[in-house]
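Participant: Pasting a structure below so you can have a look.
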Amino acid sequence: MPWTKGGEKAEEPQLLPSSRRQDRPFLHRLLIGLRLFTFLFFAWVAVTLIWTPLHGLEVGSIFRSSFSKLGGWSSSRNGDEYLIGAGKADITGPCVEINLMGYADPHQVGTGLRQRLYSRAFIVADPTNPVDTFIYLVLDTQSGDTAVRYGILSGLQELGPEYEKYGHHNLAVTGTHSHSGPGAWLNYLLPQITSKGFDQQSYRAIVDGALLSIRRAHESLALGHLSIGSTKVFGANINRSLFAYLANPEEERARYNASSEDDGSVDKDLTMLKFQRASDGKNIGVLTWFPTHGTSVLGNNTLISGDNKGVAAYLFEKSLIGDDTAAEGFVAGFSQANVGDTSPNVLGAWCEDGSGEMCSFENSTCGDGRSQKCHARGPLFTANDQGTSSCFEIGKRQFQPARKLYDFLNETPNPVRGGWVKSFHTFHNMSNHQFQLPNGTEVRTCPAALGYSFAAGTSDGPGAFDFTQHESNSTNTSPVWRVVSGILKEPTEAQIACHAPKPILLDVGEITSPYHWTPNVVDVQVFRVGQLMIIVSPGEATTMAGRRWKNAVSDEVTTLFADESRLVSPVVVLGGPANSYTHYITTEEEYGIQRYEGASTLYGPHTLAAYINVTLSWIPSLSSSASSRPPRGPEPPDNSNRSLSFIPQVIHDSPPFFKHFGDVKLDVEEEYQKGAQVTARFVGANPRNNLRLERSYAVVEKLVTPPTSTDDSGPESAAEWKVVRDDSDWHLVFSWRRTSELLGTSEVDITWETADPWAEPGRYRFRYFGDAKSLAGQITEFEGMSGEFELVDRDQ
């Protein structure tokens with residue numbers, strides 16, 4: 001009997017007998033209608049279940065398509081909910097007087113800044129158990145690194161209890177593999193040699209910026225959905241070691257040969273993970289994987305930039321400013337994939353000797369039998385700009401299909417399903433890992449060593465002296481190299497046999513003085529969210545090596561997790577180089593050819609098989625019910641506080657006589673046609689005095705008149721100067737040069753390349769922000785300002 005809110009008995013409604021009799025036919029008809037609807041509905045389901053598998057369609061997609069049009073089942077359409085976050089922060093190290101990391105050329109020393117570098121952090125967590133989480137970092141650096149990773153982990157511990165859930169097992173530190181960032185931050189001695197050692201300022205910029213990006217991502221955590229898709233990217237990569245790739249079995253290569261444009265020699269697939277906030281439906285970021293080397297900007301460049309991946313991220317983020325689908329502060333991460341043998345210099349390798357010939361197919365040499373004149377060409381190689389135009393073009397070729405995929409996923413989401421967020425990480429000693437191949441053969445890996453062809457470099461960046469790819473050994477190179485090799489460490493017969501057919505040039509894995517030259521202990525790591533598996537590779541896997549690794553993980557996941565009822569077909573991606581830098585990972589067949597990539601595969605011919613073996617052994621820890629993780633393993637050394645450094649410090653800055661810091665030495669002209677380069681020169685100071693992280697050395701300001709008010713009674717609003725370009729913009733270049741070591745004088749050029757596609761006619765000026773160091777060590781900020789200039793477009 002019903003009761004009122006106050007506890008008194010409520011009056012039960014009375015239904016008159018006549019009313020009941022009149023309603024019976026209606027209720028009867030309604031019941032029949034419901035039965036008929038139920039019958040038709042289940043008949044449709046039965047037909048769908050039979051028909052769909054026969055025609056390769058996904059049943060779930062039909063349900064989502066039908067019901068989304070009705071506005072129903074939105075949770076099914078968007079998939080499971082996760083805690084998601086994204087953040088971005090500045091990691092630009094010293095842009096002058098530090099060797100650039102990538103080409104290993106001691107003469108390639110920074111002279112300025114084209115584009116600031118960033119850490120982009122992506123966090124995914126299980127909302128029902130937030131300790132099941134992971135952080136995927138995309139750094140605009142040559143690679144991840146052991147010392148940097150240790151620094152980030154240490155910083156996370158200092159952030160307090162909220163950050164205790166982040167650790168070795170769920171932090172991935174990947175690099176975009178840009179060859180145009182400052183070096184001197186890596187953990188091991190070998191990559192420190194060309195940079196004159198280790199620089200704390202360069203190192204701290206990366207660590208502190210990465211931590212800030214993680215904090216921003218963590219503070220933005222909110223319920224949301226993940227959607228995944230892929231698209232083809234053409235014209236952005238080729239295989240630079242095709243001779244080695246063709247050593248792989250023909251039947252294996254044939255599986256990936258789809259067309260003349262997509263012949264399988266490199267992967268053309270770009271995979272995207274889209275992060276969408278549940279509260280308002282806005283996207284907070286995307287994370288993509290696509291393989292192409294960060295070598296668009298050439299080895300004669302001395303300006304800091306994120307190379308083509310930095311361009312792609314810049315274009316993507318810029319395209320979504322003010323877009324209704326994107327949240328403020330949208331973050332676009334363009335991560336590497338199986339990048340090892342790819343090149344963005346898509347016109348191939350040519351001899352720059354006047355012959356008009358392409359480099360030799362087998363060993364990338366020219367008519368003189370040497371590699372130094374063999375250079376790869378980007379799509380706009382005729383521009384005499386150190387590869388800058390080609391770099392922007394290759395970045396754009398990644399951005400454009402990525403943006404189309406983003407738009408497609410907004411309209412037709414392909415949700416990540418299953419609330420599982422899992423991760424594992426273990427350190428593994430590769431110096432003598434004994435294991436069985438799938439065919440039962442007992443094999444082992446070797447202490448790290450580099451072959452003769454390592455010193456030959458690639459067509460993206462040729463090496464020096466008389467080394468060549470594929471054929472270099474002690475019999476056809478100068479005897480000096482055998483002496484040098486022996487002085488460092490003469491490899492034992494066992495080491496030579498273990499690495500065969502690699503002729504060992506540098507037995508780096510067995511040199512520990514003054515500290516380790518290269519890693520023997522490697523990171524093995526995999527993340528999982530729903531059906532997505534992310535292999536985090538510490539080295540540069542080649543195209544086919546990456547495929548084998550991904551296929552092995554996919555097969556293992558499909559077998560082990562078959563009982564997870566909600567699991568759809570796994571999607572497996574590979575990201576890296578991450579966490580450390582273990583050079584290259586080739587297939588055994590490619591290793592046998594001993595081009596650059598094979599010679600740089602550190603642990604012998606079974607390196608790839610060893611990575612796969614260790615990875616698969618820990619895949620069970622990614623199951624939805626797993627509660628344990630692999631052991632930490634033997635931890636590699638942290639050399640950040642013991643590394644050598646021969647990098648001179650800034651002594652002092654001084655303006656020329658009768659000048660002040662920030663004074664204009666060469667001013668702009670009154671007017672420029674759009675497309676021209678606009679330059680002003682200032683009395684400067686060393687940019688190493690202050691990295692101006694999250695700020696700028698140079699900006700372009702535009703004179704902007706506020707919109708006219710509809711109320712004419714008030715006073716007119718005064719025009720004001722507004723910053724429209726800063727250090728983050730590709731087309732604004734900051735250059736610095738020392739004019740006197742003794743006097744400490746220097747000058748700065750600020751150049752705006754107004755071919756910039758967003759440049760508009762108007763009135764502009766430059767501002768320069770600097771920091772001067774006195775002999776006493778005191779650092780003082782100052783500013784400079786150019787004259788005003790008019791940018792016109794007479795073609796309009």
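Chain identifiers are assigned as A, B, and so on, following the order in which chains appear in the structure tokens; residues are numbered from 1 within each chain, and ligands are numbered from 1 in order of appearance.
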Need to verify the contact set: Val286 (chain A), 10 Å, only C-alpha atoms, exclusion of same-chain residues closer than 3 positions in sequence. Can you return it as a PyMOL selection string?
Facilitator: chain A and resi 86+122+226-228+272-276+283+313+316-317+330-334+402-403+406
Participant: Pick out the residues sitting within 6 Å of Arg767 (chain A), and hand them over as a PyMOL selection string; count only C-alpha atoms, and ignore anything fewer than 6 positions along from it in its own chain.
Facilitator: chain A and resi 698-699+784-785
Participant: Keeping N, CA and C atoms, export the residues of the selection given above as a PDB file, in the first residue's frame.
Facilitator:
ATOM      1  N   ALA A 698      62.857  35.565 -29.492  1.00  0.00           N
ATOM      2  CA  ALA A 698      62.445  36.476 -30.567  1.00  0.00           C
ATOM      3  C   ALA A 698      60.944  36.377 -30.787  1.00  0.00           C
ATOM      4  N   VAL A 699      60.322  37.510 -31.043  1.00  0.00           N
ATOM      5  CA  VAL A 699      58.904  37.515 -31.396  1.00  0.00           C
ATOM      6  C   VAL A 699      58.674  38.511 -32.526  1.00  0.00           C
ATOM      7  N   GLY A 784      65.444  44.249 -26.946  1.00  0.00           N
ATOM      8  CA  GLY A 784      65.712  45.084 -28.109  1.00  0.00           C
ATOM      9  C   GLY A 784      64.484  45.135 -29.000  1.00  0.00           C
ATOM     10  N   MET A 785      64.333  46.193 -29.760  1.00  0.00           N
ATOM     11  CA  MET A 785      63.165  46.345 -30.624  1.00  0.00           C
ATOM     12  C   MET A 785      63.579  46.933 -31.963  1.00  0.00           C
TER      13      MET A 785
END
Participant: Just list the residues in region 488-610 of chain A DSSP gives strand (DSSP E) on the backbone, as a CSV table (one decimal) with N, CA and C atoms, in the first residue's frame.
Facilitator:
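Result file is selection_37.csv:
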chain,number,residue,atom,x,y,z
A,504,ILE,N,84.3,-6.5,-36.6
A,504,ILE,CA,84.2,-5.6,-35.4
A,504,ILE,C,85.2,-4.4,-35.6
A,505,LEU,N,84.6,-3.2,-35.6
A,505,LEU,CA,85.5,-2.0,-35.5
A,505,LEU,C,85.6,-1.5,-34.1
A,506,LEU,N,84.5,-1.4,-33.4
A,506,LEU,CA,84.6,-0.9,-32.0
A,506,LEU,C,83.9,-1.9,-31.1
A,521,VAL,N,72.8,-3.6,-21.0
A,521,VAL,CA,71.5,-3.8,-20.4
A,521,VAL,C,70.4,-2.9,-21.1
A,522,VAL,N,69.4,-3.5,-21.6
A,522,VAL,CA,68.4,-2.8,-22.4
A,522,VAL,C,67.0,-2.8,-21.7
A,523,ASP,N,66.2,-1.9,-22.1
A,523,ASP,CA,64.8,-1.8,-21.7
A,523,ASP,C,63.9,-2.7,-22.6
A,524,VAL,N,63.1,-3.5,-22.0
A,524,VAL,CA,62.1,-4.2,-22.7
A,524,VAL,C,60.7,-3.8,-22.1
A,525,GLN,N,59.8,-3.3,-22.9
A,525,GLN,CA,58.6,-2.7,-22.4
A,525,GLN,C,57.5,-2.8,-23.4
A,526,VAL,N,56.3,-3.0,-22.8
A,526,VAL,CA,55.1,-3.0,-23.7
A,526,VAL,C,53.9,-2.4,-22.8
A,527,PHE,N,53.1,-1.6,-23.5
A,527,PHE,CA,51.9,-1.0,-22.9
A,527,PHE,C,50.7,-1.7,-23.5
A,528,ARG,N,49.6,-1.7,-22.8
A,528,ARG,CA,48.3,-2.2,-23.3
A,528,ARG,C,47.2,-1.3,-22.8
A,529,VAL,N,46.3,-0.9,-23.8
A,529,VAL,CA,45.0,-0.4,-23.4
A,529,VAL,C,44.0,-1.0,-24.3
A,532,LEU,N,44.8,-2.3,-28.0
A,532,LEU,CA,46.0,-1.7,-28.5
A,532,LEU,C,47.2,-2.1,-27.6
A,533,MET,N,48.2,-2.6,-28.3
A,533,MET,CA,49.5,-3.0,-27.7
A,533,MET,C,50.6,-2.1,-28.3
A,534,ILE,N,51.4,-1.5,-27.4
A,534,ILE,CA,52.5,-0.6,-27.8
A,534,ILE,C,53.8,-1.2,-27.4
A,535,ILE,N,54.6,-1.6,-28.4
A,535,ILE,CA,55.9,-2.1,-28.1
A,535,ILE,C,56.8,-0.9,-28.0
A,536,VAL,N,57.6,-0.8,-26.9
A,536,VAL,CA,58.4,0.4,-26.7
A,536,VAL,C,59.9,-0.1,-27.0
A,540,GLU,N,66.5,1.3,-33.0
A,540,GLU,CA,65.8,1.6,-34.3
A,540,GLU,C,65.6,0.3,-35.1
A,541,ALA,N,64.4,-0.2,-34.9
A,541,ALA,CA,64.0,-1.4,-35.7
A,541,ALA,C,63.8,-1.1,-37.1
A,571,VAL,N,45.6,-4.5,-32.0
A,571,VAL,CA,46.3,-3.6,-32.9
A,571,VAL,C,47.6,-3.4,-32.2
A,572,VAL,N,48.7,-3.6,-32.9
A,572,VAL,CA,50.1,-3.6,-32.3
A,572,VAL,C,50.9,-2.5,-33.1
A,573,VAL,N,51.4,-1.6,-32.3
A,573,VAL,CA,52.3,-0.6,-32.9
A,573,VAL,C,53.7,-0.7,-32.2
A,574,LEU,N,54.7,-0.1,-32.8
A,574,LEU,CA,56.0,0.0,-32.2
A,574,LEU,C,56.5,1.4,-32.2
A,575,GLY,N,56.9,1.9,-31.0
A,575,GLY,CA,57.4,3.2,-30.8
A,575,GLY,C,58.8,3.2,-30.3
A,584,TYR,N,70.7,0.0,-33.6
A,584,TYR,CA,69.7,-0.5,-34.6
A,584,TYR,C,69.3,-2.0,-34.3
A,585,ILE,N,68.2,-2.4,-34.9
A,585,ILE,CA,67.7,-3.8,-34.7
A,585,ILE,C,67.3,-4.2,-36.1
Participant: Please measure the separation of CA of Leu644 (chain A) and CA of Ala147 (chain A), giving the value in Å to one decimal.
Facilitator: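 Distance between the two atoms: 14.0 Å.
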Participant: Quick one: residues within 8 Å of Glu788 (chain A), only C-alpha atoms counted, chain neighbours fewer than 5 positions away excluded, as a PyMOL selection string?
Facilitator: chain A and resi 668+670+763-766
Participant: Could you save the residues just selected, with N, CA, C and O atoms, as a PDB file, in the first residue's frame?
Facilitator:
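Saved the output as again.pdb:
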ATOM      1  N   VAL A 668      65.274  46.953 -40.048  1.00  0.00           N
ATOM      2  CA  VAL A 668      64.425  46.516 -41.154  1.00  0.00           C
ATOM      3  C   VAL A 668      64.201  47.668 -42.131  1.00  0.00           C
ATOM      4  O   VAL A 668      64.418  48.842 -41.801  1.00  0.00           O
ATOM      5  N   GLU A 670      61.447  49.714 -44.775  1.00  0.00           N
ATOM      6  CA  GLU A 670      60.090  50.241 -44.552  1.00  0.00           C
ATOM      7  C   GLU A 670      59.017  49.261 -45.013  1.00  0.00           C
ATOM      8  O   GLU A 670      57.959  49.169 -44.400  1.00  0.00           O
ATOM      9  N   ARG A 763      51.243  45.824 -40.410  1.00  0.00           N
ATOM     10  CA  ARG A 763      52.395  46.549 -39.877  1.00  0.00           C
ATOM     11  C   ARG A 763      52.980  45.739 -38.718  1.00  0.00           C
ATOM     12  O   ARG A 763      52.274  45.329 -37.788  1.00  0.00           O
ATOM     13  N   TYR A 764      54.308  45.546 -38.768  1.00  0.00           N
ATOM     14  CA  TYR A 764      54.963  44.622 -37.834  1.00  0.00           C
ATOM     15  C   TYR A 764      56.240  45.247 -37.263  1.00  0.00           C
ATOM     16  O   TYR A 764      56.749  46.253 -37.765  1.00  0.00           O
ATOM     17  N   ARG A 765      56.763  44.548 -36.231  1.00  0.00           N
ATOM     18  CA  ARG A 765      58.087  44.859 -35.702  1.00  0.00           C
ATOM     19  C   ARG A 765      58.627  43.607 -34.989  1.00  0.00           C
ATOM     20  O   ARG A 765      57.868  42.684 -34.657  1.00  0.00           O
ATOM     21  N   PHE A 766      59.940  43.579 -34.768  1.00  0.00           N
ATOM     22  CA  PHE A 766      60.585  42.494 -34.022  1.00  0.00           C
ATOM     23  C   PHE A 766      60.897  42.951 -32.600  1.00  0.00           C
ATOM     24  O   PHE A 766      61.197  44.130 -32.363  1.00  0.00           O
TER      25      PHE A 766
END
Participant: With distances taken over only C-alpha atoms, which of A:Ala449, A:Val131, A:Ala455, A:Leu186 is nearest to Thr477 (chain A)?
Facilitator: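 The closest residue to Thr477 (chain A) is A:Ala455.
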Participant: With only C-alpha atoms as the counted atoms, please give the residues lying no more than 12 Å from region 398-400 of chain A, apart from itself and same-chain residues fewer than 2 positions off, as an MDAnalysis selection string.
Facilitator: chainID A and resid 231:237 268:272 286 288:292 308:320 332:336 344 391:396 402:407
Participant: What are the DSSP helix (DSSP H, G or I) residues of region 607-787 of chain A, as a tab-separated table (two decimals) with N, CA and C atoms, in the first residue's frame?
Facilitator:
chain	number	residue	atom	x	y	z
A	607	THR	N	69.98	-10.40	-32.43
A	607	THR	CA	69.47	-9.29	-31.63
A	607	THR	C	67.96	-9.20	-31.68
A	608	LEU	N	67.38	-9.20	-32.87
A	608	LEU	CA	65.92	-9.09	-33.00
A	608	LEU	C	65.24	-10.28	-32.33
A	609	ALA	N	65.72	-11.47	-32.59
A	609	ALA	CA	65.11	-12.67	-32.00
A	609	ALA	C	65.15	-12.60	-30.47
A	610	ALA	N	66.21	-12.03	-29.93
A	610	ALA	CA	66.32	-11.90	-28.47
A	610	ALA	C	65.29	-10.93	-27.93
A	611	TYR	N	65.12	-9.79	-28.59
A	611	TYR	CA	64.10	-8.83	-28.16
A	611	TYR	C	62.71	-9.49	-28.17
A	612	ILE	N	62.42	-10.22	-29.24
A	612	ILE	CA	61.12	-10.88	-29.35
A	612	ILE	C	60.97	-11.93	-28.25
A	613	ASN	N	62.02	-12.70	-28.02
A	613	ASN	CA	61.99	-13.75	-27.00
A	613	ASN	C	61.68	-13.18	-25.62
A	614	VAL	N	62.38	-12.11	-25.23
A	614	VAL	CA	62.16	-11.52	-23.91
A	614	VAL	C	60.78	-10.88	-23.84
A	615	THR	N	60.38	-10.19	-24.91
A	615	THR	CA	59.06	-9.55	-24.92
A	615	THR	C	57.95	-10.56	-24.71
A	616	LEU	N	57.98	-11.66	-25.47
A	616	LEU	CA	56.90	-12.64	-25.39
A	616	LEU	C	56.85	-13.33	-24.03
A	617	SER	N	58.00	-13.43	-23.38
A	617	SER	CA	58.01	-14.12	-22.08
A	617	SER	C	57.22	-13.35	-21.03
A	619	ILE	N	54.49	-11.19	-21.89
A	619	ILE	CA	53.16	-10.81	-22.38
A	619	ILE	C	52.05	-11.24	-21.42
A	620	PRO	N	52.15	-12.39	-20.72
A	620	PRO	CA	51.07	-12.75	-19.78
A	620	PRO	C	50.79	-11.68	-18.73
A	621	SER	N	51.77	-10.84	-18.40
A	621	SER	CA	51.53	-9.80	-17.39
A	621	SER	C	50.64	-8.68	-17.91
A	622	LEU	N	50.25	-8.75	-19.19
A	622	LEU	CA	49.33	-7.77	-19.76
A	622	LEU	C	47.89	-8.27	-19.77
A	687	PRO	N	72.89	33.02	-25.67
A	687	PRO	CA	71.61	32.43	-25.27
A	687	PRO	C	71.75	31.34	-24.21
A	688	ARG	N	72.97	30.85	-24.00
A	688	ARG	CA	73.15	29.83	-22.96
A	688	ARG	C	72.98	30.42	-21.55
A	689	ASN	N	73.01	31.73	-21.44
A	689	ASN	CA	72.82	32.35	-20.12
A	689	ASN	C	71.42	32.11	-19.57
Participant: What lies within 10 Å of Ala759 (chain A) using only C-alpha atoms, ignoring chain neighbours under 2 positions off, as a count of residues only?
Facilitator: 16
Participant: Can you pull out every residue within 6 Å of Ser180 (chain A), counting only C-alpha atoms, but drop anything in the same chain fewer than 6 positions away, and send it as a list in words?
Facilitator: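 After dropping sequence-adjacent residues, the list is Leu100, Ile304 and Ser305 of chain A.
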Participant: What is the CA of Arg370 (chain A)-CA of Leu602 (chain A) distance in Å, reported with one decimal?
Facilitator: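 The value is 24.5 Å.
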Participant: Find the spatial neighbours of region 776-782 of chain A, counting only C-alpha atoms, within a cut-off of 8 Å - ignore same-chain residues fewer than 4 positions away - and output them as a PDB file with all heavy atoms, in the first residue's frame.
Facilitator:
ATOM      1  N   ILE A 651      81.898  32.755 -20.303  1.00  0.00           N
ATOM      2  CA  ILE A 651      82.714  33.560 -19.386  1.00  0.00           C
ATOM      3  C   ILE A 651      82.016  34.876 -19.064  1.00  0.00           C
ATOM      4  O   ILE A 651      81.723  35.179 -17.908  1.00  0.00           O
ATOM      5  CB  ILE A 651      84.115  33.825 -19.972  1.00  0.00           C
ATOM      6  CG1 ILE A 651      84.787  32.492 -20.343  1.00  0.00           C
ATOM      7  CG2 ILE A 651      84.958  34.615 -18.975  1.00  0.00           C
ATOM      8  CD1 ILE A 651      84.969  31.548 -19.179  1.00  0.00           C
ATOM      9  N   HIS A 652      81.737  35.641 -20.111  1.00  0.00           N
ATOM     10  CA  HIS A 652      81.029  36.911 -19.908  1.00  0.00           C
ATOM     11  C   HIS A 652      80.531  37.438 -21.232  1.00  0.00           C
ATOM     12  O   HIS A 652      80.950  36.987 -22.312  1.00  0.00           O
ATOM     13  CB  HIS A 652      81.947  37.942 -19.233  1.00  0.00           C
ATOM     14  CG  HIS A 652      82.957  38.550 -20.161  1.00  0.00           C
ATOM     15  ND1 HIS A 652      82.891  39.862 -20.577  1.00  0.00           N
ATOM     16  CD2 HIS A 652      84.061  38.019 -20.760  1.00  0.00           C
ATOM     17  CE1 HIS A 652      83.906  40.114 -21.382  1.00  0.00           C
ATOM     18  NE2 HIS A 652      84.631  39.016 -21.501  1.00  0.00           N
ATOM     19  N   PHE A 661      73.345  46.416 -24.881  1.00  0.00           N
ATOM     20  CA  PHE A 661      72.664  45.172 -25.234  1.00  0.00           C
ATOM     21  C   PHE A 661      71.265  45.493 -25.764  1.00  0.00           C
ATOM     22  O   PHE A 661      70.539  46.308 -25.192  1.00  0.00           O
ATOM     23  CB  PHE A 661      72.551  44.253 -24.018  1.00  0.00           C
ATOM     24  CG  PHE A 661      73.858  43.668 -23.559  1.00  0.00           C
ATOM     25  CD1 PHE A 661      74.366  43.980 -22.310  1.00  0.00           C
ATOM     26  CD2 PHE A 661      74.578  42.810 -24.384  1.00  0.00           C
ATOM     27  CE1 PHE A 661      75.565  43.441 -21.875  1.00  0.00           C
ATOM     28  CE2 PHE A 661      75.779  42.269 -23.955  1.00  0.00           C
ATOM     29  CZ  PHE A 661      76.282  42.592 -22.704  1.00  0.00           C
ATOM     30  N   GLY A 662      70.914  44.854 -26.869  1.00  0.00           N
ATOM     31  CA  GLY A 662      69.597  45.056 -27.473  1.00  0.00           C
ATOM     32  C   GLY A 662      69.546  46.158 -28.501  1.00  0.00           C
ATOM     33  O   GLY A 662      68.519  46.315 -29.177  1.00  0.00           O
ATOM     34  N   ASN A 689      73.012  31.730 -21.436  1.00  0.00           N
ATOM     35  CA  ASN A 689      72.819  32.350 -20.121  1.00  0.00           C
ATOM     36  C   ASN A 689      71.418  32.107 -19.565  1.00  0.00           C
ATOM     37  O   ASN A 689      71.209  32.110 -18.356  1.00  0.00           O
ATOM     38  CB  ASN A 689      73.065  33.866 -20.201  1.00  0.00           C
ATOM     39  CG  ASN A 689      74.500  34.195 -20.546  1.00  0.00           C
ATOM     40  OD1 ASN A 689      75.426  33.464 -20.184  1.00  0.00           O
ATOM     41  ND2 ASN A 689      74.703  35.301 -21.260  1.00  0.00           N
ATOM     42  N   PHE A 769      64.681  39.300 -26.886  1.00  0.00           N
ATOM     43  CA  PHE A 769      64.821  39.160 -25.434  1.00  0.00           C
ATOM     44  C   PHE A 769      66.115  38.406 -25.148  1.00  0.00           C
ATOM     45  O   PHE A 769      66.298  37.268 -25.601  1.00  0.00           O
ATOM     46  CB  PHE A 769      63.633  38.396 -24.844  1.00  0.00           C
ATOM     47  CG  PHE A 769      62.303  39.047 -25.128  1.00  0.00           C
ATOM     48  CD1 PHE A 769      61.563  38.665 -26.235  1.00  0.00           C
ATOM     49  CD2 PHE A 769      61.804  40.042 -24.306  1.00  0.00           C
ATOM     50  CE1 PHE A 769      60.333  39.255 -26.513  1.00  0.00           C
ATOM     51  CE2 PHE A 769      60.581  40.639 -24.571  1.00  0.00           C
ATOM     52  CZ  PHE A 769      59.847  40.254 -25.680  1.00  0.00           C
ATOM     53  N   GLY A 770      67.015  39.051 -24.411  1.00  0.00           N
ATOM     54  CA  GLY A 770      68.306  38.444 -24.124  1.00  0.00           C
ATOM     55  C   GLY A 770      68.681  38.512 -22.665  1.00  0.00           C
ATOM     56  O   GLY A 770      67.995  39.150 -21.848  1.00  0.00           O
ATOM     57  N   ASP A 771      69.797  37.860 -22.350  1.00  0.00           N
ATOM     58  CA  ASP A 771      70.303  37.806 -20.980  1.00  0.00           C
ATOM     59  C   ASP A 771      71.830  37.869 -21.043  1.00  0.00           C
ATOM     60  O   ASP A 771      72.453  37.014 -21.690  1.00  0.00           O
ATOM     61  CB  ASP A 771      69.871  36.513 -20.296  1.00  0.00           C
ATOM     62  CG  ASP A 771      68.365  36.352 -20.280  1.00  0.00           C
ATOM     63  OD1 ASP A 771      67.808  35.841 -21.291  1.00  0.00           O
ATOM     64  OD2 ASP A 771      67.743  36.742 -19.290  1.00  0.00           O
ATOM     65  N   ALA A 772      72.394  38.856 -20.389  1.00  0.00           N
ATOM     66  CA  ALA A 772      73.841  39.081 -20.431  1.00  0.00           C
ATOM     67  C   ALA A 772      74.487  38.662 -19.122  1.00  0.00           C
ATOM     68  O   ALA A 772      73.939  38.883 -18.044  1.00  0.00           O
ATOM     69  CB  ALA A 772      74.137  40.555 -20.715  1.00  0.00           C
TER      70      ALA A 772
END
Participant: Quote the spacing between CA of Phe658 (chain A) and CA of Thr745 (chain A) in Å to one decimal place.
Facilitator: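 CA of Phe658 (chain A) sits 12.5 Å away from CA of Thr745 (chain A).
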Participant: Using only C-alpha atoms, which of the listed residues (A:His516, A:Arg114, A:His225, A:Lys773) sits closest to Ser735 (chain A)?
Facilitator: A:Arg114
Participant: Considering only C-alpha atoms, state which residue in the set A:Ile284, A:Val557, A:Leu137, A:Leu223 is at the smallest distance from Leu83 (chain A).
Facilitator: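 Going through A:Ile284, A:Val557, A:Leu137, A:Leu223 one by one, the smallest distance to Leu83 (chain A) is for A:Leu223.
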Participant: List every residue of region 233-308 of chain A that has an atom at most 12 Å from any atom of region 103-112 of chain A, giving for each one its closest atom pair and the distance in Å to one decimal, counting only C-alpha atoms, sorted by chain and then by ascending residue number, as a tab-separated table.
Facilitator:
residue	atom	partner	partner_atom	distance
A:His293	CA	A:Tyr103	CA	11.9
A:Gly294	CA	A:Tyr103	CA	10.5
A:Thr295	CA	A:Tyr103	CA	8.8
A:Ser296	CA	A:Tyr103	CA	11.9
A:Val297	CA	A:Tyr103	CA	10.7
A:Leu298	CA	A:Tyr103	CA	8.8
A:Gly299	CA	A:Tyr103	CA	6.3
A:Asn300	CA	A:Gln108	CA	6.6
A:Asn301	CA	A:Gln108	CA	7.2
A:Thr302	CA	A:Gly110	CA	4.7
A:Leu303	CA	A:Gly112	CA	4.9
A:Ile304	CA	A:Gly112	CA	6.3
A:Ser305	CA	A:Gly112	CA	9.6
